[in-house]
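Trainee: target.pdb (PDB, C-alpha atoms and all ligand atoms) pasted underneath:
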ATOM      1  CA  MET A   1     -37.528   2.673 -11.995  1.00  0.00           C
ATOM      2  CA  ALA A   2     -37.573   2.718  -8.187  1.00  0.00           C
ATOM      3  CA  LEU A   3     -34.304   0.829  -8.268  1.00  0.00           C
ATOM      4  CA  GLY A   4     -32.865   3.396 -10.643  1.00  0.00           C
ATOM      5  CA  VAL A   5     -33.785   6.205  -8.289  1.00  0.00           C
ATOM      6  CA  ALA A   6     -32.402   4.272  -5.333  1.00  0.00           C
ATOM      7  CA  PHE A   7     -29.031   4.103  -7.046  1.00  0.00           C
ATOM      8  CA  ALA A   8     -29.168   7.539  -8.618  1.00  0.00           C
ATOM      9  CA  ILE A   9     -29.548   9.466  -5.355  1.00  0.00           C
ATOM     10  CA  PRO A  10     -26.471   8.069  -3.596  1.00  0.00           C
ATOM     11  CA  TRP A  11     -24.547   8.466  -6.843  1.00  0.00           C
ATOM     12  CA  LEU A  12     -25.539  12.142  -7.028  1.00  0.00           C
ATOM     13  CA  LEU A  13     -24.542  12.711  -3.430  1.00  0.00           C
ATOM     14  CA  LEU A  14     -21.365  10.643  -3.322  1.00  0.00           C
ATOM     15  CA  VAL A  15     -19.930  11.229  -6.767  1.00  0.00           C
ATOM     16  CA  LEU A  16     -21.466  14.131  -8.606  1.00  0.00           C
ATOM     17  CA  VAL A  17     -21.797  16.696  -5.803  1.00  0.00           C
ATOM     18  CA  PRO A  18     -18.216  16.276  -4.511  1.00  0.00           C
ATOM     19  CA  TYR A  19     -17.000  16.248  -8.114  1.00  0.00           C
ATOM     20  CA  ILE A  20     -18.690  19.552  -8.921  1.00  0.00           C
ATOM     21  CA  SER A  21     -17.604  21.223  -5.691  1.00  0.00           C
ATOM     22  CA  LEU A  22     -14.001  19.939  -5.887  1.00  0.00           C
ATOM     23  CA  ALA A  23     -13.511  20.361  -9.635  1.00  0.00           C
ATOM     24  CA  LYS A  24     -13.676  24.148  -9.349  1.00  0.00           C
ATOM     25  CA  LEU A  25     -11.082  24.450  -6.575  1.00  0.00           C
ATOM     26  CA  GLU A  26      -8.739  27.300  -7.378  1.00  0.00           C
ATOM     27  CA  PRO A  27      -5.333  28.217  -5.925  1.00  0.00           C
ATOM     28  CA  VAL A  28      -5.597  30.608  -2.937  1.00  0.00           C
ATOM     29  CA  ALA A  29      -3.297  33.626  -2.556  1.00  0.00           C
ATOM     30  CA  TYR A  30      -1.450  34.194   0.727  1.00  0.00           C
ATOM     31  CA  ALA A  31      -2.288  37.336   2.672  1.00  0.00           C
ATOM     32  CA  GLU A  32       0.604  39.810   2.680  1.00  0.00           C
ATOM     33  CA  ASP A  33       1.573  39.137   6.296  1.00  0.00           C
ATOM     34  CA  GLU A  34       1.699  35.352   5.900  1.00  0.00           C
ATOM     35  CA  LEU A  35       3.847  34.942   2.772  1.00  0.00           C
ATOM     36  CA  PRO A  36       6.080  31.894   3.328  1.00  0.00           C
ATOM     37  CA  ASP A  37       9.792  31.768   2.487  1.00  0.00           C
ATOM     38  CA  GLY A  38      10.822  30.646  -0.970  1.00  0.00           C
ATOM     39  CA  GLY A  39       8.847  33.143  -3.027  1.00  0.00           C
ATOM     40  CA  MET A  40       5.556  31.261  -2.985  1.00  0.00           C
ATOM     41  CA  THR A  41       2.588  33.553  -3.479  1.00  0.00           C
ATOM     42  CA  GLN A  42      -0.243  31.072  -3.615  1.00  0.00           C
ATOM     43  CA  TYR A  43      -1.328  27.692  -2.383  1.00  0.00           C
ATOM     44  CA  PRO A  44      -0.854  25.350  -4.092  1.00  0.00           C
ATOM     45  CA  ASP A  45       2.242  26.856  -5.634  1.00  0.00           C
ATOM     46  CA  LYS A  46       2.363  26.933  -9.464  1.00  0.00           C
ATOM     47  CA  ASN A  47       5.869  25.466  -9.393  1.00  0.00           C
ATOM     48  CA  LEU A  48       4.508  22.279  -7.875  1.00  0.00           C
ATOM     49  CA  LEU A  49       3.002  21.487 -11.257  1.00  0.00           C
ATOM     50  CA  ARG A  50       4.755  18.337 -12.331  1.00  0.00           C
ATOM     51  CA  HIS A  51       6.784  18.358 -15.462  1.00  0.00           C
ATOM     52  CA  GLY A  52       9.244  16.164 -17.319  1.00  0.00           C
ATOM     53  CA  ALA A  53      10.538  13.112 -15.554  1.00  0.00           C
ATOM     54  CA  SER A  54       8.418  13.240 -12.415  1.00  0.00           C
ATOM     55  CA  ASP A  55       5.299  13.539 -14.586  1.00  0.00           C
ATOM     56  CA  TYR A  56       6.338  10.406 -16.487  1.00  0.00           C
ATOM     57  CA  GLY A  57       7.148   8.852 -13.087  1.00  0.00           C
ATOM     58  CA  ARG A  58       3.556   9.237 -11.981  1.00  0.00           C
ATOM     59  CA  ASP A  59       2.454   7.209 -14.996  1.00  0.00           C
ATOM     60  CA  ILE A  60       4.911   4.474 -13.981  1.00  0.00           C
ATOM     61  CA  TYR A  61       3.519   4.647 -10.429  1.00  0.00           C
ATOM     62  CA  ALA A  62       0.044   4.087 -11.884  1.00  0.00           C
ATOM     63  CA  SER A  63       0.999   1.340 -14.317  1.00  0.00           C
ATOM     64  CA  GLU A  64       3.065  -0.613 -11.758  1.00  0.00           C
ATOM     65  CA  GLY A  65       0.080  -0.718  -9.388  1.00  0.00           C
ATOM     66  CA  CYS A  66       1.750   1.041  -6.451  1.00  0.00           C
ATOM     67  CA  ALA A  67      -1.639   2.523  -5.546  1.00  0.00           C
ATOM     68  CA  TYR A  68      -2.941  -0.948  -4.678  1.00  0.00           C
ATOM     69  CA  CYS A  69      -0.837  -0.829  -1.513  1.00  0.00           C
ATOM     70  CA  HIS A  70      -0.061   2.858  -0.975  1.00  0.00           C
ATOM     71  CA  THR A  71      -2.301   5.870  -0.384  1.00  0.00           C
ATOM     72  CA  GLN A  72      -1.310   9.502  -0.877  1.00  0.00           C
ATOM     73  CA  MET A  73      -3.574  11.170   1.613  1.00  0.00           C
ATOM     74  CA  VAL A  74      -2.857  12.146   5.214  1.00  0.00           C
ATOM     75  CA  ARG A  75      -6.222  11.754   6.883  1.00  0.00           C
ATOM     76  CA  PRO A  76      -7.683  14.310   9.250  1.00  0.00           C
ATOM     77  CA  THR A  77      -7.207  13.400  12.900  1.00  0.00           C
ATOM     78  CA  TYR A  78     -10.913  12.663  13.361  1.00  0.00           C
ATOM     79  CA  ALA A  79     -10.567   9.896  10.777  1.00  0.00           C
ATOM     80  CA  GLY A  80      -7.417   8.154  12.018  1.00  0.00           C
ATOM     81  CA  PRO A  81      -3.975   8.406  13.610  1.00  0.00           C
ATOM     82  CA  ASP A  82      -2.016   9.539  10.505  1.00  0.00           C
ATOM     83  CA  MET A  83      -0.764  12.734  12.109  1.00  0.00           C
ATOM     84  CA  TRP A  84       0.849  10.719  14.906  1.00  0.00           C
ATOM     85  CA  ARG A  85       2.786   8.496  12.540  1.00  0.00           C
ATOM     86  CA  PRO A  86       6.359   9.758  12.256  1.00  0.00           C
ATOM     87  CA  GLY A  87       6.887  11.781   9.089  1.00  0.00           C
ATOM     88  CA  TRP A  88       3.518  11.083   7.506  1.00  0.00           C
ATOM     89  CA  GLY A  89       2.232  14.641   7.797  1.00  0.00           C
ATOM     90  CA  GLY A  90       5.469  16.248   6.550  1.00  0.00           C
ATOM     91  CA  ARG A  91       8.399  17.968   8.251  1.00  0.00           C
ATOM     92  CA  GLU A  92       7.342  17.853  11.901  1.00  0.00           C
ATOM     93  CA  ASP A  93      10.590  19.418  13.153  1.00  0.00           C
ATOM     94  CA  ASP A  94       9.992  22.521  11.051  1.00  0.00           C
ATOM     95  CA  GLY A  95       6.330  22.735  12.004  1.00  0.00           C
ATOM     96  CA  PHE A  96       5.124  21.981   8.468  1.00  0.00           C
ATOM     97  CA  ALA A  97       3.257  18.749   9.202  1.00  0.00           C
ATOM     98  CA  ARG A  98      -0.433  18.800   8.382  1.00  0.00           C
ATOM     99  CA  GLU A  99      -3.372  16.851   7.012  1.00  0.00           C
ATOM    100  CA  THR A 100      -3.866  16.675   3.255  1.00  0.00           C
ATOM    101  CA  ARG A 101      -6.358  19.121   1.748  1.00  0.00           C
ATOM    102  CA  PRO A 102      -8.348  18.770  -1.485  1.00  0.00           C
ATOM    103  CA  GLN A 103      -6.415  21.740  -2.954  1.00  0.00           C
ATOM    104  CA  ASP A 104      -3.183  19.756  -2.625  1.00  0.00           C
ATOM    105  CA  TYR A 105      -4.203  17.893  -5.781  1.00  0.00           C
ATOM    106  CA  VAL A 106      -5.058  20.939  -7.883  1.00  0.00           C
ATOM    107  CA  THR A 107      -1.658  20.802  -9.613  1.00  0.00           C
ATOM    108  CA  GLU A 108      -1.925  17.056 -10.343  1.00  0.00           C
ATOM    109  CA  LYS A 109      -3.125  15.636 -13.646  1.00  0.00           C
ATOM    110  CA  TYR A 110      -4.799  12.942 -11.575  1.00  0.00           C
ATOM    111  CA  ALA A 111      -4.559  12.099  -7.899  1.00  0.00           C
ATOM    112  CA  PRO A 112      -3.325   8.581  -7.053  1.00  0.00           C
ATOM    113  CA  LEU A 113      -5.189   8.500  -3.736  1.00  0.00           C
ATOM    114  CA  GLY A 114      -4.769   4.724  -3.499  1.00  0.00           C
ATOM    115  CA  TYR A 115      -7.012   1.771  -2.794  1.00  0.00           C
ATOM    116  CA  GLN A 116      -5.621   0.147   0.338  1.00  0.00           C
ATOM    117  CA  ARG A 117      -2.884   0.732   2.861  1.00  0.00           C
ATOM    118  CA  ILE A 118      -0.711  -2.335   2.873  1.00  0.00           C
ATOM    119  CA  GLY A 119       2.319  -0.032   2.978  1.00  0.00           C
ATOM    120  CA  PRO A 120       2.777   3.451   4.459  1.00  0.00           C
ATOM    121  CA  ASP A 121       1.076   6.560   3.070  1.00  0.00           C
ATOM    122  CA  LEU A 122       3.342   8.241   0.502  1.00  0.00           C
ATOM    123  CA  ALA A 123       1.902  11.799   0.475  1.00  0.00           C
ATOM    124  CA  ASN A 124       5.113  13.058   2.119  1.00  0.00           C
ATOM    125  CA  VAL A 125       7.579  10.305   1.300  1.00  0.00           C
ATOM    126  CA  GLY A 126       9.812  12.884  -0.444  1.00  0.00           C
ATOM    127  CA  ASN A 127      10.362  14.442   2.981  1.00  0.00           C
ATOM    128  CA  ARG A 128      11.084  11.102   4.693  1.00  0.00           C
ATOM    129  CA  ILE A 129      13.402   9.532   2.095  1.00  0.00           C
ATOM    130  CA  THR A 130      15.630  12.147   0.494  1.00  0.00           C
ATOM    131  CA  ASP A 131      18.417   9.886  -0.702  1.00  0.00           C
ATOM    132  CA  ARG A 132      18.101   8.853  -4.348  1.00  0.00           C
ATOM    133  CA  ALA A 133      20.158   5.675  -4.011  1.00  0.00           C
ATOM    134  CA  LEU A 134      18.103   4.570  -1.014  1.00  0.00           C
ATOM    135  CA  MET A 135      14.879   5.118  -2.948  1.00  0.00           C
ATOM    136  CA  HIS A 136      16.232   2.911  -5.776  1.00  0.00           C
ATOM    137  CA  GLU A 137      17.317   0.255  -3.282  1.00  0.00           C
ATOM    138  CA  HIS A 138      13.799   0.240  -1.839  1.00  0.00           C
ATOM    139  CA  LEU A 139      12.314  -0.497  -5.252  1.00  0.00           C
ATOM    140  CA  TYR A 140      14.990  -2.974  -6.331  1.00  0.00           C
ATOM    141  CA  ASN A 141      15.106  -4.984  -3.116  1.00  0.00           C
ATOM    142  CA  PRO A 142      12.674  -3.960  -0.349  1.00  0.00           C
ATOM    143  CA  LYS A 143      13.747  -6.917   1.803  1.00  0.00           C
ATOM    144  CA  GLY A 144      17.296  -5.571   1.803  1.00  0.00           C
ATOM    145  CA  ILE A 145      16.007  -2.588   3.783  1.00  0.00           C
ATOM    146  CA  ASP A 146      13.386  -4.282   5.914  1.00  0.00           C
ATOM    147  CA  ARG A 147      13.763  -8.054   6.138  1.00  0.00           C
ATOM    148  CA  ASN A 148      10.036  -8.492   6.729  1.00  0.00           C
ATOM    149  CA  SER A 149       8.936  -6.062   4.038  1.00  0.00           C
ATOM    150  CA  GLY A 150       5.751  -7.112   2.288  1.00  0.00           C
ATOM    151  CA  MET A 151       6.570  -4.993  -0.731  1.00  0.00           C
ATOM    152  CA  PRO A 152       7.342  -6.829  -3.992  1.00  0.00           C
ATOM    153  CA  ALA A 153      10.742  -6.181  -5.595  1.00  0.00           C
ATOM    154  CA  TYR A 154      10.571  -4.136  -8.812  1.00  0.00           C
ATOM    155  CA  LYS A 155      13.661  -5.694 -10.355  1.00  0.00           C
ATOM    156  CA  HIS A 156      12.167  -5.477 -13.856  1.00  0.00           C
ATOM    157  CA  LEU A 157      12.718  -1.694 -13.657  1.00  0.00           C
ATOM    158  CA  TYR A 158      16.487  -2.302 -13.397  1.00  0.00           C
ATOM    159  CA  LYS A 159      19.149  -3.973 -15.498  1.00  0.00           C
ATOM    160  CA  ASP A 160      22.293  -5.742 -14.393  1.00  0.00           C
ATOM    161  CA  SER A 161      25.329  -3.565 -14.184  1.00  0.00           C
ATOM    162  CA  PRO A 162      27.745  -4.155 -17.087  1.00  0.00           C
ATOM    163  CA  PHE A 163      30.493  -4.675 -14.486  1.00  0.00           C
ATOM    164  CA  GLY A 164      28.711  -7.746 -13.158  1.00  0.00           C
ATOM    165  CA  LYS A 165      28.042  -6.340  -9.708  1.00  0.00           C
ATOM    166  CA  GLY A 166      25.000  -4.351  -8.663  1.00  0.00           C
ATOM    167  CA  TYR A 167      22.238  -2.986 -10.849  1.00  0.00           C
ATOM    168  CA  GLU A 168      21.433   0.018 -13.003  1.00  0.00           C
ATOM    169  CA  PRO A 169      18.123   1.867 -13.077  1.00  0.00           C
ATOM    170  CA  THR A 170      16.215   2.009 -16.375  1.00  0.00           C
ATOM    171  CA  GLU A 171      14.694   5.277 -17.530  1.00  0.00           C
ATOM    172  CA  LYS A 172      11.428   4.161 -15.921  1.00  0.00           C
ATOM    173  CA  ALA A 173      13.059   3.601 -12.533  1.00  0.00           C
ATOM    174  CA  GLU A 174      14.754   7.031 -12.688  1.00  0.00           C
ATOM    175  CA  ALA A 175      11.450   8.724 -13.516  1.00  0.00           C
ATOM    176  CA  LEU A 176       9.639   6.846 -10.757  1.00  0.00           C
ATOM    177  CA  VAL A 177      12.276   7.910  -8.231  1.00  0.00           C
ATOM    178  CA  ASP A 178      12.047  11.528  -9.463  1.00  0.00           C
ATOM    179  CA  TYR A 179       8.348  11.316  -8.801  1.00  0.00           C
ATOM    180  CA  LEU A 180       8.708   9.741  -5.334  1.00  0.00           C
ATOM    181  CA  LEU A 181      11.315  12.291  -4.237  1.00  0.00           C
ATOM    182  CA  SER A 182       8.934  15.058  -5.351  1.00  0.00           C
ATOM    183  CA  LEU A 183       6.055  13.833  -3.176  1.00  0.00           C
ATOM    184  CA  LYS A 184       5.542  16.516  -0.534  1.00  0.00           C
ATOM    185  CA  LYS A 185       2.236  17.813   0.649  1.00  0.00           C
ATOM    186  CA  ASP A 186       3.299  20.170   3.394  1.00  0.00           C
ATOM    187  CA  GLN A 187       3.145  23.612   1.817  1.00  0.00           C
ATOM    188  CA  PRO A 188       1.979  26.055   4.549  1.00  0.00           C
ATOM    189  CA  LEU A 189      -1.737  26.804   4.296  1.00  0.00           C
ATOM    190  CA  PRO A 190      -3.047  30.346   3.909  1.00  0.00           C
ATOM    191  CA  ALA A 191      -5.131  31.216   6.989  1.00  0.00           C
ATOM    192  CA  VAL A 192      -8.404  31.239   5.026  1.00  0.00           C
ATOM    193  CA  VAL A 193      -7.797  27.639   3.942  1.00  0.00           C
ATOM    194  CA  ALA A 194      -6.516  26.474   7.333  1.00  0.00           C
ATOM    195  CA  THR A 195      -9.667  27.726   9.022  1.00  0.00           C
ATOM    196  CA  GLY A 196     -11.949  25.854   6.677  1.00  0.00           C
ATOM    197  CA  GLY A 197     -12.112  27.988   3.510  1.00  0.00           C
TER     198      GLY A 197
HETATM  199  C1  LIG B 201       1.864  -5.587  -2.174  1.00  0.00           C
HETATM  200  C2  LIG B 201       1.892  -4.265  -1.600  1.00  0.00           C
HETATM  201  C3  LIG B 201       2.853  -3.232  -2.118  1.00  0.00           C
HETATM  202  C4  LIG B 201       3.019  -2.773  -3.405  1.00  0.00           C
HETATM  203  C5  LIG B 201       2.307  -3.241  -4.672  1.00  0.00           C
HETATM  204  C6  LIG B 201       3.988  -1.706  -3.350  1.00  0.00           C
HETATM  205  N1  LIG B 201       4.405  -1.504  -2.052  1.00  0.00           N
HETATM  206 FE1  LIG B 201       5.686  -0.067  -1.392  1.00  0.00          FE
HETATM  207  N2  LIG B 201       5.572  -0.815   0.504  1.00  0.00           N
HETATM  208  C7  LIG B 201       4.781  -1.869   0.896  1.00  0.00           C
HETATM  209  C8  LIG B 201       5.029  -2.156   2.306  1.00  0.00           C
HETATM  210  C9  LIG B 201       4.355  -3.249   3.122  1.00  0.00           C
HETATM  211  C10 LIG B 201       5.995  -1.226   2.747  1.00  0.00           C
HETATM  212  C11 LIG B 201       6.600  -1.102   4.166  1.00  0.00           C
HETATM  213  C12 LIG B 201       7.795  -1.997   4.330  1.00  0.00           C
HETATM  214  C13 LIG B 201       8.984  -1.428   3.607  1.00  0.00           C
HETATM  215  O1  LIG B 201       9.429  -0.322   3.930  1.00  0.00           O
HETATM  216  O2  LIG B 201       9.487  -2.085   2.682  1.00  0.00           O
HETATM  217  C14 LIG B 201       6.310  -0.397   1.588  1.00  0.00           C
HETATM  218  C15 LIG B 201       7.206   0.669   1.612  1.00  0.00           C
HETATM  219  C16 LIG B 201       7.436   1.544   0.560  1.00  0.00           C
HETATM  220  C17 LIG B 201       8.268   2.716   0.615  1.00  0.00           C
HETATM  221  C18 LIG B 201       8.994   3.242   1.848  1.00  0.00           C
HETATM  222  C19 LIG B 201       8.065   4.166   2.593  1.00  0.00           C
HETATM  223  C20 LIG B 201       8.611   4.688   3.881  1.00  0.00           C
HETATM  224  O3  LIG B 201       7.974   5.561   4.463  1.00  0.00           O
HETATM  225  O4  LIG B 201       9.676   4.215   4.340  1.00  0.00           O
HETATM  226  C21 LIG B 201       8.254   3.284  -0.624  1.00  0.00           C
HETATM  227  C22 LIG B 201       8.976   4.542  -1.074  1.00  0.00           C
HETATM  228  C23 LIG B 201       7.407   2.460  -1.462  1.00  0.00           C
HETATM  229  N3  LIG B 201       6.941   1.409  -0.701  1.00  0.00           N
HETATM  230  C24 LIG B 201       7.161   2.703  -2.803  1.00  0.00           C
HETATM  231  C25 LIG B 201       6.417   1.850  -3.630  1.00  0.00           C
HETATM  232  C26 LIG B 201       6.292   2.041  -5.063  1.00  0.00           C
HETATM  233  C27 LIG B 201       6.859   3.202  -5.833  1.00  0.00           C
HETATM  234  C28 LIG B 201       5.555   0.983  -5.529  1.00  0.00           C
HETATM  235  C29 LIG B 201       5.205   0.672  -6.963  1.00  0.00           C
HETATM  236  C30 LIG B 201       6.332   0.575  -7.887  1.00  0.00           C
HETATM  237  C31 LIG B 201       5.203   0.154  -4.378  1.00  0.00           C
HETATM  238  N4  LIG B 201       5.761   0.705  -3.269  1.00  0.00           N
HETATM  239  C32 LIG B 201       4.426  -0.982  -4.442  1.00  0.00           C
HETATM  240  C33 LIG B 201       3.890  -2.565   0.101  1.00  0.00           C
HETATM  241  C34 LIG B 201       3.741  -2.424  -1.269  1.00  0.00           C
END
Let me see the file written as structure tokens.
Mentor:
Amino acid sequence: MALGVAFAIPWLLLVLVPYISLAKLEPVAYAEDELPDGGMTQYPDKNLLRHGASDYGRDIYASEGCAYCHTQMVRPTYAGPDMWRPGWGGREDDGFARETRPQDYVTEKYAPLGYQRIGPDLANVGNRITDRALMHEHLYNPKGIDRNSGMPAYKHLYKDSPFGKGYEPTEKAEALVDYLLSLKKDQPLPAVVATGG
């Protein structure tokens, strides 16, 4: 009994309370004087809801185990140096770089936060790598891009080109790349959220 209570209290505090408080997060409307370009009226924007190929791509991301080595969460500066790592927080040059917020996941079916960081955080990889062919190359042959890369090659997601040279992406690889290119968590925050709302 005492043991049960000893486990139940941390569980309530660490799992249930955050779950209840985060599960009811709702999109937040921008104030009239802070509407960003691009017609977005709320954060997170409804159009960020994944659909079609990039939605399927997230399932491939999960089933291939990418989350064992990659996180998708830019930590607050009090918890680590993420914001100083080039490109991790988003488009620094345009002033859009920021830490990840719980609301950033509201449009996701599930949030692949990740288990460990053997490779770089991917929350904003769609801002860092914008070239489709390069993204494929990274999955097909990571060592071709970085000789010392510790990332395994995902050759099983590709088939040999019928012309004998090179490779062709399968439907899974295309969907995964759609998903990776869509990974951006740098939508400007409404002031009420930025100041701790
Ligand atoms: C065993 C660990 C491991 C696994 C599993 C893994 N990666 Fe990686 N990944 C890395 C490492 C280490 C790097 C950094 C070196 C490099 O760029 O190749 C990296 C780099 C990347 C990059 C480039 C990021 C950047 O900012 O340049 C992308 C994109 C990526 N991985 C996607 C994936 C995807 C998608 C999967 C699953 C299909 C995956 N990785 C699985 C370790 C891993």
Trainee: Can you pull out every residue within 9 Å of Tyr158 (chain A), counting all atoms listed in the file, but drop anything in the same chain fewer than 5 positions away, and send it as a list in words?
Mentor: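 Close residues of Tyr158 (chain A): Tyr140, Tyr167, Glu168, Pro169, Thr170, Glu171, Lys172 and Ala173 of chain A.
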Trainee: Let me make sure I understand: among A:Tyr30, A:Tyr56, A:Tyr43, A:Tyr179, which one has the smallest atom-to-atom distance to Thr130 (chain A) if we use all atoms listed in the file?
Mentor: A:Tyr179
Trainee: Applying the PyMOL selection byres (((chain A and resi 109) around 10) and not hetatm) to the file I just gave you, which residues come out? Please list them as JSON, numbers by chain.
Mentor: {"A": [49, 50, 55, 58, 105, 106, 107, 108, 110, 111, 112]}
Trainee: How would you write, as number ranges by chain, the set of residues no farther than 7 Å from ligand LIG 201 (chain B) when counting only C-alpha atoms and all ligand atoms?
Mentor: A: 61, 64-66, 68-70, 118-120, 122, 125, 128-129, 135, 138-139, 142-143, 145-146, 149-152, 154, 176, 180
Trainee: Would you output that residue set with C-alpha atoms, as a short mmCIF file (atom, residue, chain, number, x, y, z; two decimals), keeping the file's coordinate frame?
Mentor:
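Result file result-v3.cif:
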data_model
loop_
_atom_site.label_atom_id
_atom_site.label_comp_id
_atom_site.auth_asym_id
_atom_site.auth_seq_id
_atom_site.Cartn_x
_atom_site.Cartn_y
_atom_site.Cartn_z
CA TYR A 61 3.52 4.65 -10.43
CA GLU A 64 3.06 -0.61 -11.76
CA GLY A 65 0.08 -0.72 -9.39
CA CYS A 66 1.75 1.04 -6.45
CA TYR A 68 -2.94 -0.95 -4.68
CA CYS A 69 -0.84 -0.83 -1.51
CA HIS A 70 -0.06 2.86 -0.98
CA ILE A 118 -0.71 -2.34 2.87
CA GLY A 119 2.32 -0.03 2.98
CA PRO A 120 2.78 3.45 4.46
CA LEU A 122 3.34 8.24 0.50
CA VAL A 125 7.58 10.30 1.30
CA ARG A 128 11.08 11.10 4.69
CA ILE A 129 13.40 9.53 2.10
CA MET A 135 14.88 5.12 -2.95
CA HIS A 138 13.80 0.24 -1.84
CA LEU A 139 12.31 -0.50 -5.25
CA PRO A 142 12.67 -3.96 -0.35
CA LYS A 143 13.75 -6.92 1.80
CA ILE A 145 16.01 -2.59 3.78
CA ASP A 146 13.39 -4.28 5.91
CA SER A 149 8.94 -6.06 4.04
CA GLY A 150 5.75 -7.11 2.29
CA MET A 151 6.57 -4.99 -0.73
CA PRO A 152 7.34 -6.83 -3.99
CA TYR A 154 10.57 -4.14 -8.81
CA LEU A 176 9.64 6.85 -10.76
CA LEU A 180 8.71 9.74 -5.33
#
Trainee: Please report the interatomic distance between CA of Gln116 (chain A) and CA of Ala67 (chain A) in Å with one decimal.
Mentor: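 Distance reported for this atom pair: 7.5 Å.
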Trainee: Would you compute the distance between CA of Arg101 (chain A) and CA of Met73 (chain A)? Give it in Å to one decimal.
Mentor: 8.4 Å
Trainee: Would you work out the distance separating CA of Ser161 (chain A) from CA of His136 (chain A), expressed in Å to one decimal?
Mentor: 14.0 Å
Trainee: Determine, counting only C-alpha atoms, which protein, DNA and RNA residues have an atom within 12 Å of an atom of Trp84 (chain A); residues of the same chain fewer than 6 positions away are not included. Present the result as an MDAnalysis selection string.
Mentor: chainID A and resid 74:77 90 92 97:99
Trainee: Put those residues in a file: C-alpha atoms, as a PDB file, in the frame of the given file.
Mentor:
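Result file follows (again.pdb):
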ATOM      1  CA  VAL A  74      -2.857  12.146   5.214  1.00  0.00           C
ATOM      2  CA  ARG A  75      -6.222  11.754   6.883  1.00  0.00           C
ATOM      3  CA  PRO A  76      -7.683  14.310   9.250  1.00  0.00           C
ATOM      4  CA  THR A  77      -7.207  13.400  12.900  1.00  0.00           C
ATOM      5  CA  GLY A  90       5.469  16.248   6.550  1.00  0.00           C
ATOM      6  CA  GLU A  92       7.342  17.853  11.901  1.00  0.00           C
ATOM      7  CA  ALA A  97       3.257  18.749   9.202  1.00  0.00           C
ATOM      8  CA  ARG A  98      -0.433  18.800   8.382  1.00  0.00           C
ATOM      9  CA  GLU A  99      -3.372  16.851   7.012  1.00  0.00           C
TER      10      GLU A  99
END
Trainee: For the structure provided, state which residues fall under the PyMOL selection byres (((chain A and resi 26) around 8) and not hetatm), and present them as a count of residues only.
Mentor: 6
Trainee: Check the smallest atom-to-atom distance from each of A:Phe96, A:Phe7, A:Gly87, A:Asp104 to Val193 (chain A) using all atoms listed in the file, then report the winner.
Mentor: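 Nearest candidate to Val193 (chain A) out of A:Phe96, A:Phe7, A:Gly87, A:Asp104: A:Asp104.
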Trainee: Considering only C-alpha atoms, can you say which of A:Asp121, A:Arg147, A:Lys185, A:Leu113 comes closest to Pro81 (chain A)?
Mentor: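 For Pro81 (chain A), the nearest of the given residues is A:Asp121.
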Trainee: Pick out the closest residue to Ile60 (chain A) from this set: A:Tyr115, A:Ile9, A:Glu174, A:Asn141. Count only C-alpha atoms.
Mentor: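 Under the stated criterion, the closest residue is A:Glu174.
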Trainee: Give me the residues within 12 Å of Met40 (chain A) as a list in words, counting only C-alpha atoms and dropping any in the same chain fewer than 5 places off.
Mentor: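 My list of contacting residues is Pro27, Val28, Ala29, Tyr30, Ala31, Glu32, Glu34, Leu35, Asp45, Lys46, Asn47, Leu48, Gln187, Pro188, Leu189 and Pro190 of chain A.
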Trainee: Take the residues from that selection and put them in a file with C-alpha atoms, as a PDB file, in the frame of the given file.
Mentor:
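Dumped everything to out-v2.pdb:
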ATOM      1  CA  PRO A  27      -5.333  28.217  -5.925  1.00  0.00           C
ATOM      2  CA  VAL A  28      -5.597  30.608  -2.937  1.00  0.00           C
ATOM      3  CA  ALA A  29      -3.297  33.626  -2.556  1.00  0.00           C
ATOM      4  CA  TYR A  30      -1.450  34.194   0.727  1.00  0.00           C
ATOM      5  CA  ALA A  31      -2.288  37.336   2.672  1.00  0.00           C
ATOM      6  CA  GLU A  32       0.604  39.810   2.680  1.00  0.00           C
ATOM      7  CA  GLU A  34       1.699  35.352   5.900  1.00  0.00           C
ATOM      8  CA  LEU A  35       3.847  34.942   2.772  1.00  0.00           C
ATOM      9  CA  ASP A  45       2.242  26.856  -5.634  1.00  0.00           C
ATOM     10  CA  LYS A  46       2.363  26.933  -9.464  1.00  0.00           C
ATOM     11  CA  ASN A  47       5.869  25.466  -9.393  1.00  0.00           C
ATOM     12  CA  LEU A  48       4.508  22.279  -7.875  1.00  0.00           C
ATOM     13  CA  GLN A 187       3.145  23.612   1.817  1.00  0.00           C
ATOM     14  CA  PRO A 188       1.979  26.055   4.549  1.00  0.00           C
ATOM     15  CA  LEU A 189      -1.737  26.804   4.296  1.00  0.00           C
ATOM     16  CA  PRO A 190      -3.047  30.346   3.909  1.00  0.00           C
TER      17      PRO A 190
END
Trainee: Identify which of the residues A:Lys184, A:Thr71, A:Gly95, A:Gly38 lies closest to Arg117 (chain A), counting only C-alpha atoms when measuring atom-to-atom distances.
Mentor: A:Thr71
Trainee: Find the axis-aligned box for region 58-65 of chain A, covering all its listed atoms and adding 3 Å on each side, and write its centre and edge lengths in Å to one decimal as AutoDock Vina command-line options.
Mentor:
--center_x 2.5 --center_y 4.3 --center_z -12.2 --size_x 10.9 --size_y 16.0 --size_z 11.6
Trainee: So, counting only C-alpha atoms, which residue among A:Asp82, A:Asp94, A:Asp37, A:Glu137 is closest to Val177 (chain A)?
Mentor: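 Among the listed residues, the smallest separation from Val177 (chain A) belongs to A:Glu137.
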